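The data block below is query_20.tsv; it holds TSV, C-alpha atoms.
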chain	number	residue	atom	x	y	z
A	1	MET	CA	51.07	-72.51	113.90
A	2	SER	CA	51.57	-74.12	117.29
A	3	ILE	CA	52.53	-72.22	120.44
A	4	GLU	CA	52.55	-73.84	123.85
A	5	LEU	CA	50.35	-72.32	126.53
A	6	PRO	CA	52.23	-70.90	129.53
A	7	VAL	CA	52.41	-73.39	132.37
A	8	SER	CA	49.95	-71.45	134.55
A	9	ALA	CA	47.38	-71.50	131.77
A	10	ARG	CA	47.82	-75.25	131.39
A	11	LEU	CA	47.31	-75.80	135.11
A	12	ALA	CA	44.26	-73.52	135.10
A	13	TRP	CA	42.55	-75.37	132.25
A	14	TRP	CA	43.48	-78.93	133.07
A	15	GLY	CA	43.43	-78.59	136.85
A	16	THR	CA	39.92	-77.14	136.68
A	17	ALA	CA	38.80	-79.90	134.32
A	18	TRP	CA	40.09	-82.45	136.83
A	19	LEU	CA	38.30	-80.80	139.76
A	20	ARG	CA	35.08	-80.87	137.74
A	21	GLY	CA	35.43	-84.51	136.78
A	22	HIS	CA	36.12	-84.00	133.08
A	23	VAL	CA	39.58	-85.61	133.00
A	24	VAL	CA	41.61	-88.07	135.05
A	25	ALA	CA	44.76	-87.15	136.96
A	26	ASP	CA	47.13	-88.76	134.44
A	27	LEU	CA	45.87	-86.45	131.70
A	28	VAL	CA	46.39	-83.44	133.95
A	29	VAL	CA	50.00	-84.43	134.61
A	30	ASP	CA	50.72	-84.99	130.91
A	31	ALA	CA	49.13	-81.70	129.88
A	32	VAL	CA	50.67	-79.54	132.61
A	33	LEU	CA	54.17	-80.98	132.36
A	34	GLY	CA	54.47	-80.61	128.61
A	35	ASP	CA	58.18	-81.00	127.90
A	36	ASP	CA	59.20	-80.55	131.56
A	37	ALA	CA	60.76	-83.39	133.51
A	38	THR	CA	58.71	-83.00	136.67
A	39	HIS	CA	56.46	-80.68	138.66
A	40	ALA	CA	56.02	-80.49	142.42
A	41	VAL	CA	53.97	-78.43	144.86
A	42	ALA	CA	55.82	-76.79	147.76
A	43	GLY	CA	54.90	-74.66	150.74
A	44	LEU	CA	51.50	-76.10	151.62
A	45	ALA	CA	52.70	-77.20	155.05
A	46	ASP	CA	53.95	-73.66	155.71
A	47	LEU	CA	50.34	-72.50	155.27
A	48	GLY	CA	49.10	-75.04	157.80
A	49	LEU	CA	47.70	-77.46	155.25
A	50	GLY	CA	49.38	-80.58	156.58
A	51	GLY	CA	52.30	-82.58	155.30
A	52	ASP	CA	55.85	-82.76	156.60
A	53	GLY	CA	57.15	-79.66	154.87
A	54	THR	CA	58.63	-81.43	151.86
A	55	SER	CA	57.43	-80.93	148.31
A	56	GLU	CA	54.58	-83.05	147.06
A	57	THR	CA	54.01	-84.45	143.60
A	58	LEU	CA	51.76	-82.42	141.34
A	59	VAL	CA	48.88	-84.84	141.79
A	60	GLY	CA	49.44	-85.01	145.55
A	61	GLY	CA	49.46	-81.23	145.86
A	62	LEU	CA	46.33	-80.80	143.75
A	63	ALA	CA	44.56	-83.49	145.78
A	64	ARG	CA	45.43	-81.68	149.00
A	65	LEU	CA	44.04	-78.44	147.55
A	66	ARG	CA	40.84	-80.23	146.58
A	67	VAL	CA	40.46	-81.39	150.19
A	68	GLU	CA	40.89	-77.75	151.24
A	69	GLY	CA	37.92	-76.78	149.08
A	70	ALA	CA	39.48	-75.95	145.70
A	71	THR	CA	36.81	-75.43	143.05
A	72	TRP	CA	38.86	-74.09	140.14
A	73	PHE	CA	42.32	-72.89	139.15
A	74	GLY	CA	42.64	-69.46	137.54
A	75	ALA	CA	45.71	-68.05	135.83
A	76	ALA	CA	47.31	-64.64	136.27
A	77	PHE	CA	49.84	-63.04	133.91
A	78	PRO	CA	50.89	-59.82	135.67
A	79	ALA	CA	53.58	-57.32	134.83
A	80	GLU	CA	55.06	-54.40	136.69
A	81	GLY	CA	52.37	-51.74	136.87
A	82	ASP	CA	49.64	-54.14	135.67
A	83	PRO	CA	48.98	-56.89	138.25
A	84	VAL	CA	46.13	-58.38	136.21
A	85	GLY	CA	44.75	-61.58	137.72
A	86	LEU	CA	46.12	-60.89	141.20
A	87	GLY	CA	44.36	-59.81	144.38
A	88	GLY	CA	47.21	-59.55	146.88
A	89	PRO	CA	48.68	-59.70	149.38
A	90	ARG	CA	51.83	-57.79	148.47
A	91	THR	CA	54.19	-60.75	148.91
A	92	PHE	CA	52.19	-62.95	146.55
A	93	ASN	CA	51.84	-60.15	144.00
A	94	ALA	CA	55.56	-59.37	144.03
A	95	THR	CA	56.50	-63.03	143.60
A	96	ALA	CA	53.97	-63.53	140.81
A	97	ILE	CA	55.09	-60.38	138.97
A	98	GLU	CA	58.69	-61.54	139.15
A	99	ALA	CA	57.69	-64.91	137.68
A	100	GLY	CA	55.33	-63.30	135.15
A	101	GLU	CA	52.57	-65.74	136.01
A	102	ALA	CA	50.73	-67.49	138.83
A	103	VAL	CA	47.63	-69.54	139.62
A	104	VAL	CA	44.91	-68.61	142.10
A	105	VAL	CA	43.01	-71.52	143.66
A	106	GLY	CA	39.27	-70.84	143.82
A	107	GLY	CA	37.49	-71.79	147.03
A	108	THR	CA	40.66	-71.23	149.05
A	109	ASP	CA	42.94	-68.33	149.95
A	110	ILE	CA	45.90	-69.93	148.20
A	111	GLY	CA	47.95	-68.97	145.18
A	112	LEU	CA	50.69	-70.92	143.41
A	113	VAL	CA	53.72	-69.38	141.71
A	114	PRO	CA	55.78	-71.55	139.32
A	115	VAL	CA	59.51	-71.50	139.99
A	116	ARG	CA	61.53	-73.12	137.22
A	117	VAL	CA	64.86	-74.84	137.85
A	118	GLY	CA	66.12	-76.43	134.66
A	119	ALA	CA	63.48	-78.86	133.40
A	120	ALA	CA	61.63	-78.93	136.73
A	121	VAL	CA	58.93	-76.64	138.09
A	122	SER	CA	58.08	-76.11	141.74
A	123	TRP	CA	54.66	-74.59	142.41
A	124	VAL	CA	55.25	-72.56	145.57
A	125	ALA	CA	52.14	-71.91	147.67
A	126	HIS	CA	51.31	-68.46	149.08
A	127	ARG	CA	48.34	-66.83	150.69
A	128	ALA	CA	46.28	-65.10	148.01
A	129	GLY	CA	43.37	-62.67	148.19
A	130	ARG	CA	40.24	-62.32	146.09
A	131	ARG	CA	40.83	-60.78	142.70
A	132	GLN	CA	39.05	-58.73	140.08
A	133	LEU	CA	39.24	-59.79	136.46
A	134	PRO	CA	38.51	-58.49	133.00
A	135	ASP	CA	35.56	-60.53	131.76
A	136	VAL	CA	35.82	-62.48	128.54
A	137	GLY	CA	33.88	-59.93	126.50
A	138	GLU	CA	35.88	-56.99	127.83
A	139	ALA	CA	39.19	-58.74	127.19
A	140	ASP	CA	38.06	-59.74	123.69
A	141	ARG	CA	37.09	-56.18	122.76
A	142	GLY	CA	40.27	-54.79	124.26
A	143	LEU	CA	42.41	-57.20	122.27
A	144	ARG	CA	40.67	-56.45	118.98
A	145	LEU	CA	41.07	-52.72	119.53
A	146	ALA	CA	44.74	-53.07	120.51
A	147	LEU	CA	45.49	-55.10	117.39
A	148	VAL	CA	43.97	-52.46	115.12
A	149	GLN	CA	45.66	-49.56	116.88
A	150	THR	CA	49.04	-51.31	117.04
A	151	ALA	CA	48.91	-52.28	113.36
A	152	GLU	CA	48.15	-48.68	112.40
A	153	ALA	CA	50.88	-47.29	114.66
A	154	LEU	CA	53.50	-49.74	113.41
A	155	ALA	CA	52.57	-49.07	109.79
A	156	GLY	CA	53.28	-45.41	110.44
A	157	LEU	CA	56.63	-46.44	111.94
A	158	GLU	CA	57.45	-48.56	108.86
A	159	VAL	CA	57.44	-51.89	110.65
A	160	ALA	CA	57.76	-53.71	107.33
A	161	ARG	CA	61.23	-52.18	106.93
A	162	TRP	CA	62.70	-52.93	110.36
A	163	ARG	CA	60.69	-56.02	111.30
A	164	PRO	CA	59.17	-57.61	108.16
A	165	GLU	CA	58.22	-60.77	110.07
A	166	VAL	CA	56.11	-58.67	112.46
A	167	ALA	CA	54.36	-57.04	109.51
A	168	ASP	CA	53.67	-60.51	108.11
A	169	ARG	CA	52.15	-61.66	111.42
A	170	LEU	CA	49.93	-58.60	111.58
A	171	MET	CA	48.75	-59.27	108.02
A	172	ASN	CA	47.96	-62.92	108.81
A	173	LEU	CA	46.07	-62.75	112.10
A	174	ARG	CA	43.77	-65.56	111.02
A	175	HIS	CA	46.68	-67.97	111.34
A	176	ARG	CA	46.29	-68.46	115.08
A	177	PRO	CA	48.06	-70.90	117.38
A	178	SER	CA	46.45	-74.32	117.63
A	179	LEU	CA	45.54	-75.03	121.26
A	180	THR	CA	44.32	-78.24	122.84
A	181	ALA	CA	41.85	-77.66	125.66
A	182	PRO	CA	40.13	-80.14	127.97
A	183	ALA	CA	36.37	-80.60	128.15
A	184	GLY	CA	34.65	-77.77	129.97
A	185	VAL	CA	36.68	-74.87	128.56
A	186	PRO	CA	34.30	-72.72	126.50
A	187	PRO	CA	35.27	-72.60	122.80
A	188	ARG	CA	35.17	-68.81	122.99
A	189	CYS	CA	37.87	-68.93	125.68
A	190	VAL	CA	40.02	-71.29	123.65
A	191	ASP	CA	39.85	-68.84	120.74
A	192	LEU	CA	40.56	-65.87	123.02
A	193	ALA	CA	43.58	-67.62	124.54
A	194	ALA	CA	44.94	-68.36	121.05
A	195	ARG	CA	44.56	-64.72	120.01
A	196	GLY	CA	46.06	-63.51	123.28
A	197	LEU	CA	49.10	-65.72	122.73
A	198	GLN	CA	49.33	-64.47	119.16
A	199	ALA	CA	49.32	-60.84	120.29
A	200	SER	CA	51.92	-61.50	122.99
A	201	GLU	CA	54.16	-63.27	120.47
A	202	ILE	CA	53.91	-60.36	118.01
A	203	ALA	CA	54.78	-57.85	120.73
A	204	ALA	CA	57.70	-59.95	121.99
A	205	LEU	CA	59.03	-60.44	118.47
A	206	ALA	CA	58.88	-56.74	117.71
A	207	LEU	CA	60.57	-55.87	121.01
A	208	GLU	CA	63.44	-58.36	120.62
A	209	ASP	CA	65.74	-55.58	119.50
A	210	ASP	CA	65.49	-52.09	118.10
A	211	GLY	CA	66.22	-52.98	114.52
A	212	ALA	CA	68.75	-51.26	112.33
A	213	ALA	CA	70.32	-48.06	113.59
A	214	VAL	CA	67.48	-45.80	114.70
A	215	THR	CA	67.15	-42.80	116.96
A	216	ALA	CA	66.19	-42.99	120.62
A	217	TYR	CA	62.94	-41.27	119.67
A	218	GLU	CA	62.10	-43.97	117.12
A	219	MET	CA	62.91	-46.74	119.59
A	220	ALA	CA	60.66	-45.15	122.22
A	221	ALA	CA	57.86	-44.74	119.66
A	222	ARG	CA	58.04	-48.40	118.70
A	223	ARG	CA	57.89	-49.55	122.29
A	224	GLN	CA	55.04	-47.17	123.05
A	225	ALA	CA	53.09	-48.60	120.11
A	226	LEU	CA	53.64	-52.19	121.27
A	227	LEU	CA	52.95	-51.95	124.99
A	228	PRO	CA	49.12	-51.78	124.62
A	229	LEU	CA	49.20	-54.94	122.50
A	230	GLU	CA	51.37	-56.76	125.03
A	231	ARG	CA	49.02	-55.70	127.84
A	232	ALA	CA	45.90	-56.70	125.90
A	233	GLY	CA	47.43	-60.09	125.10
A	234	ARG	CA	48.10	-60.81	128.77
A	235	ARG	CA	44.64	-59.68	129.82
A	236	ALA	CA	43.03	-61.86	127.15
A	237	LEU	CA	44.96	-64.86	128.39
A	238	VAL	CA	43.95	-64.16	132.00
A	239	ALA	CA	40.26	-63.93	131.08
A	240	ALA	CA	40.45	-67.08	128.95
A	241	CYS	CA	42.12	-69.04	131.76
A	242	SER	CA	40.01	-67.86	134.71
A	243	PRO	CA	37.02	-70.20	135.16
A	244	GLU	CA	35.23	-67.88	137.60
A	245	GLY	CA	34.72	-65.46	134.72
A	246	TRP	CA	33.78	-67.92	132.00
A	247	PRO	CA	30.42	-67.38	130.28
A	248	PRO	CA	27.71	-69.79	131.46
A	249	GLY	CA	27.16	-72.99	129.53

What's the structure tokens form of this structure?
Amino acid sequence: MSIELPVSARLAWWGTAWLRGHVVADLVVDAVLGDDATHAVAGLADLGLGGDGTSETLVGGLARLRVEGATWFGAAFPAEGDPVGLGGPRTFNATAIEAGEAVVVGGTDIGLVPVRVGAAVSWVAHRAGRRQLPDVGEADRGLRLALVQTAEALAGLEVARWRPEVADRLMNLRHRPSLTAPAGVPPRCVDLAARGLQASEIAALALEDDGAAVTAYEMAARRQALLPLERAGRRALVAACSPEGWPPG
């Protein structure tokens, strides 16, 4: 099974690998763009980082951030009520929550929020504060627990009847997405990212609609059972794509 990493996760992994000398810029561009036509970095001049105010190419923007002291790129996947991966200020948080993702640039006070227009992405720069993260072990344990609890709750709600494909996914958790990571990303984080994506996909699939005619109570129960899994999936992906929290070695 192959699922593409969200764009902020790709920038976190490959941008960090580039800063640390593991990959060349061309590989970063190929990995981050994926199927997109182009990416640009906007707003750096508004933060006093030079330039003429126009957007820069992805490589140009990353190079400018490196000059400013960038040491890593870390992903955030926040949602309303759960701003995981963010550290403020309010404007940055609100923009990132609306987008559902962002990147924080280590060694600077800058964050980037991807804004998609068709097949193009503009990474808009904002001021960003220091953040607190779930560590890899905490996120791993939380995800495992959420999977068990969600599977039990959905079994009680007869998920196999109203969403047989979700039941199948929960029965085949060993069939994880295949992810390609650059050198320097710990194997444990690659595995955690794959399982986080898997959990998020299961939750999204189950929440696509409310199945055959059910009561409002049943619909609420289903959503209540799935929200912890969705949250755990996002937190796992944040931990896996935040180099400042990676285990040593």

Within 7 Å of Ala12 of chain A, counting all atoms listed in the file, which residues qualify if same-chain residues fewer than 4 places away don't, as a list in words? Ser8, Thr16, Phe73, Gly74, Ala75, Val103 and Cys241 of chain A

With C-alpha atoms retained, write the just-selected residues as a PDB file, in the frame of the given file.
ATOM      1  CA  SER A   8      49.950 -71.450 134.550  1.00  0.00           C
ATOM      2  CA  THR A  16      39.920 -77.140 136.680  1.00  0.00           C
ATOM      3  CA  PHE A  73      42.320 -72.890 139.150  1.00  0.00           C
ATOM      4  CA  GLY A  74      42.640 -69.460 137.540  1.00  0.00           C
ATOM      5  CA  ALA A  75      45.710 -68.050 135.830  1.00  0.00           C
ATOM      6  CA  VAL A 103      47.630 -69.540 139.620  1.00  0.00           C
ATOM      7  CA  CYS A 241      42.120 -69.040 131.760  1.00  0.00           C
TER       8      CYS A 241
END

Skipping near chain neighbours, those fewer than 2 positions away, what residues fall within 12 Å of Ser200 of chain A using only C-alpha atoms, listed as a ChimeraX atom specification? /A:3,5-6,77,143,146-147,166,169-170,176-177,193-198,202-207,226-237

Find the residues with any atom within 12 Å of (44.9, -67.7, 143.0); use only C-alpha atoms and the coordinates as given in the file, and write the answer as number ranges by chain. A: 8, 11-12, 65, 70-77, 84-89, 92-93, 96, 101-113, 123-133, 238, 241-244

Give me the residues near Trp18 of chain A as a JSON list (two decimals) with C-alpha atoms, in the coordinates of the input, where near means some atom within 8 Å (using all atoms listed in the file) and where sequence neighbours in that chain fewer than 6 positions away do not count.
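Output contents, as saved in out07.json:
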[["chain", "number", "residue", "atom", "x", "y", "z"],
["A", 24, "VAL", "CA", 41.61, -88.07, 135.05],
["A", 25, "ALA", "CA", 44.76, -87.15, 136.96],
["A", 28, "VAL", "CA", 46.39, -83.44, 133.95]]

Using atom CA of Arg116 of chain A and atom CA of Asp191 of chain A as the two end points, give the distance in Å to one decimal.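 These atoms are spaced 27.6 Å apart.
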
Pairwise distance for atom CA of Val190 of chain A and atom CA of Gly137 of chain A, rounded to one decimal in Å: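 Value for the atom CA of Val190 of chain A-atom CA of Gly137 of chain A distance: 13.2 Å.
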
Among the residues A:Ala79, A:Ala183, A:Cys189, A:Ala199, the one that comes closest to Leu145 of chain A [using only C-alpha atoms]: A:Ala199

Pick from A:Pro78, A:Gly15, A:Gly245, A:Gly184: nearest to Ala139 of chain A, with only C-alpha atoms counted? A:Gly245

For atom CA of Ala9 of chain A and atom CA of Ala240 of chain A, determine how far apart the two atoms are, in Å to one decimal place. 8.7 Å

Which one of A:Val115, A:Asp26, A:Pro186, A:Ala239 sits closest to Val136 of chain A if you count all atoms listed in the file? A:Ala239

With distances taken over all atoms listed in the file, which of A:Val23, A:Val67, A:Leu154, A:Val29 is nearest to Gly50 of chain A? A:Val67

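In this comparison, which uses all atoms listed in the file, the residue of A:Glu4, A:Asp140, A:Glu98, A:Asp52 approaching Leu192 of chain A most closely is A:Asp140.
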
Work out where the centre of an axis-aligned box around every listed atom of segment 182-193 of chain A lies and how long its edges are once 8 Å is added on each side; give both in Å to one decimal as AutoDock Vina command-line options.
--center_x 38.9 --center_y -73.2 --center_z 125.4 --size_x 25.3 --size_y 30.7 --size_z 25.2

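Among the candidates A:His22, A:Val59, A:Gln224, A:Pro248, the residue lying nearest to Gln149 of chain A is A:Gln224 (atoms considered: only C-alpha atoms).
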
May I have the residues within 8 Å of Asp36 of chain A as a ChimeraX atom specification, using all atoms listed in the file and disregarding those fewer than 6 positions away in the same chain? /A:119-121

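Around the coordinate (52.7, -42.8, 115.0), residues that reach within 9 Å when counting all atoms listed in the file are Glu152, Ala153, Leu154, Ala155, Gly156, Leu157, Ala221, Arg222 and Ala225 of chain A.
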
Since the input has fewer atoms than a full residue there, write segment 190-204 of chain A out with N, CA and C atoms, as a PDB file, keeping the file's coordinate frame.
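Below is the file that was written, rebuild39.pdb:
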ATOM      1  N   VAL A 190      38.910 -70.686 124.380  1.00  0.00           N
ATOM      2  CA  VAL A 190      40.020 -71.290 123.650  1.00  0.00           C
ATOM      3  C   VAL A 190      40.481 -70.349 122.543  1.00  0.00           C
ATOM      4  N   ASP A 191      39.522 -69.786 121.815  1.00  0.00           N
ATOM      5  CA  ASP A 191      39.850 -68.840 120.740  1.00  0.00           C
ATOM      6  C   ASP A 191      40.509 -67.585 121.301  1.00  0.00           C
ATOM      7  N   LEU A 192      39.988 -67.072 122.422  1.00  0.00           N
ATOM      8  CA  LEU A 192      40.560 -65.870 123.020  1.00  0.00           C
ATOM      9  C   LEU A 192      41.987 -66.121 123.493  1.00  0.00           C
ATOM     10  N   ALA A 193      42.227 -67.287 124.085  1.00  0.00           N
ATOM     11  CA  ALA A 193      43.580 -67.620 124.540  1.00  0.00           C
ATOM     12  C   ALA A 193      44.537 -67.675 123.349  1.00  0.00           C
ATOM     13  N   ALA A 194      44.093 -68.265 122.236  1.00  0.00           N
ATOM     14  CA  ALA A 194      44.940 -68.360 121.050  1.00  0.00           C
ATOM     15  C   ALA A 194      45.282 -66.965 120.522  1.00  0.00           C
ATOM     16  N   ARG A 195      44.304 -66.072 120.502  1.00  0.00           N
ATOM     17  CA  ARG A 195      44.560 -64.720 120.010  1.00  0.00           C
ATOM     18  C   ARG A 195      45.398 -63.911 120.996  1.00  0.00           C
ATOM     19  N   GLY A 196      45.215 -64.168 122.298  1.00  0.00           N
ATOM     20  CA  GLY A 196      46.060 -63.510 123.280  1.00  0.00           C
ATOM     21  C   GLY A 196      47.516 -63.930 123.153  1.00  0.00           C
ATOM     22  N   LEU A 197      47.736 -65.222 122.946  1.00  0.00           N
ATOM     23  CA  LEU A 197      49.100 -65.720 122.730  1.00  0.00           C
ATOM     24  C   LEU A 197      49.698 -65.126 121.463  1.00  0.00           C
ATOM     25  N   GLN A 198      48.877 -65.036 120.435  1.00  0.00           N
ATOM     26  CA  GLN A 198      49.330 -64.470 119.160  1.00  0.00           C
ATOM     27  C   GLN A 198      49.776 -63.022 119.341  1.00  0.00           C
ATOM     28  N   ALA A 199      48.973 -62.251 120.058  1.00  0.00           N
ATOM     29  CA  ALA A 199      49.320 -60.840 120.290  1.00  0.00           C
ATOM     30  C   ALA A 199      50.599 -60.723 121.112  1.00  0.00           C
ATOM     31  N   SER A 200      50.725 -61.550 122.149  1.00  0.00           N
ATOM     32  CA  SER A 200      51.920 -61.500 122.990  1.00  0.00           C
ATOM     33  C   SER A 200      53.165 -61.873 122.190  1.00  0.00           C
ATOM     34  N   GLU A 201      53.018 -62.852 121.284  1.00  0.00           N
ATOM     35  CA  GLU A 201      54.160 -63.270 120.470  1.00  0.00           C
ATOM     36  C   GLU A 201      54.583 -62.144 119.516  1.00  0.00           C
ATOM     37  N   ILE A 202      53.590 -61.467 118.921  1.00  0.00           N
ATOM     38  CA  ILE A 202      53.910 -60.360 118.010  1.00  0.00           C
ATOM     39  C   ILE A 202      54.642 -59.257 118.756  1.00  0.00           C
ATOM     40  N   ALA A 203      54.135 -58.910 119.953  1.00  0.00           N
ATOM     41  CA  ALA A 203      54.780 -57.850 120.730  1.00  0.00           C
ATOM     42  C   ALA A 203      56.193 -58.245 121.130  1.00  0.00           C
ATOM     43  N   ALA A 204      56.365 -59.497 121.578  1.00  0.00           N
ATOM     44  CA  ALA A 204      57.700 -59.950 121.990  1.00  0.00           C
ATOM     45  C   ALA A 204      58.664 -59.964 120.820  1.00  0.00           C
TER      46      ALA A 204
END
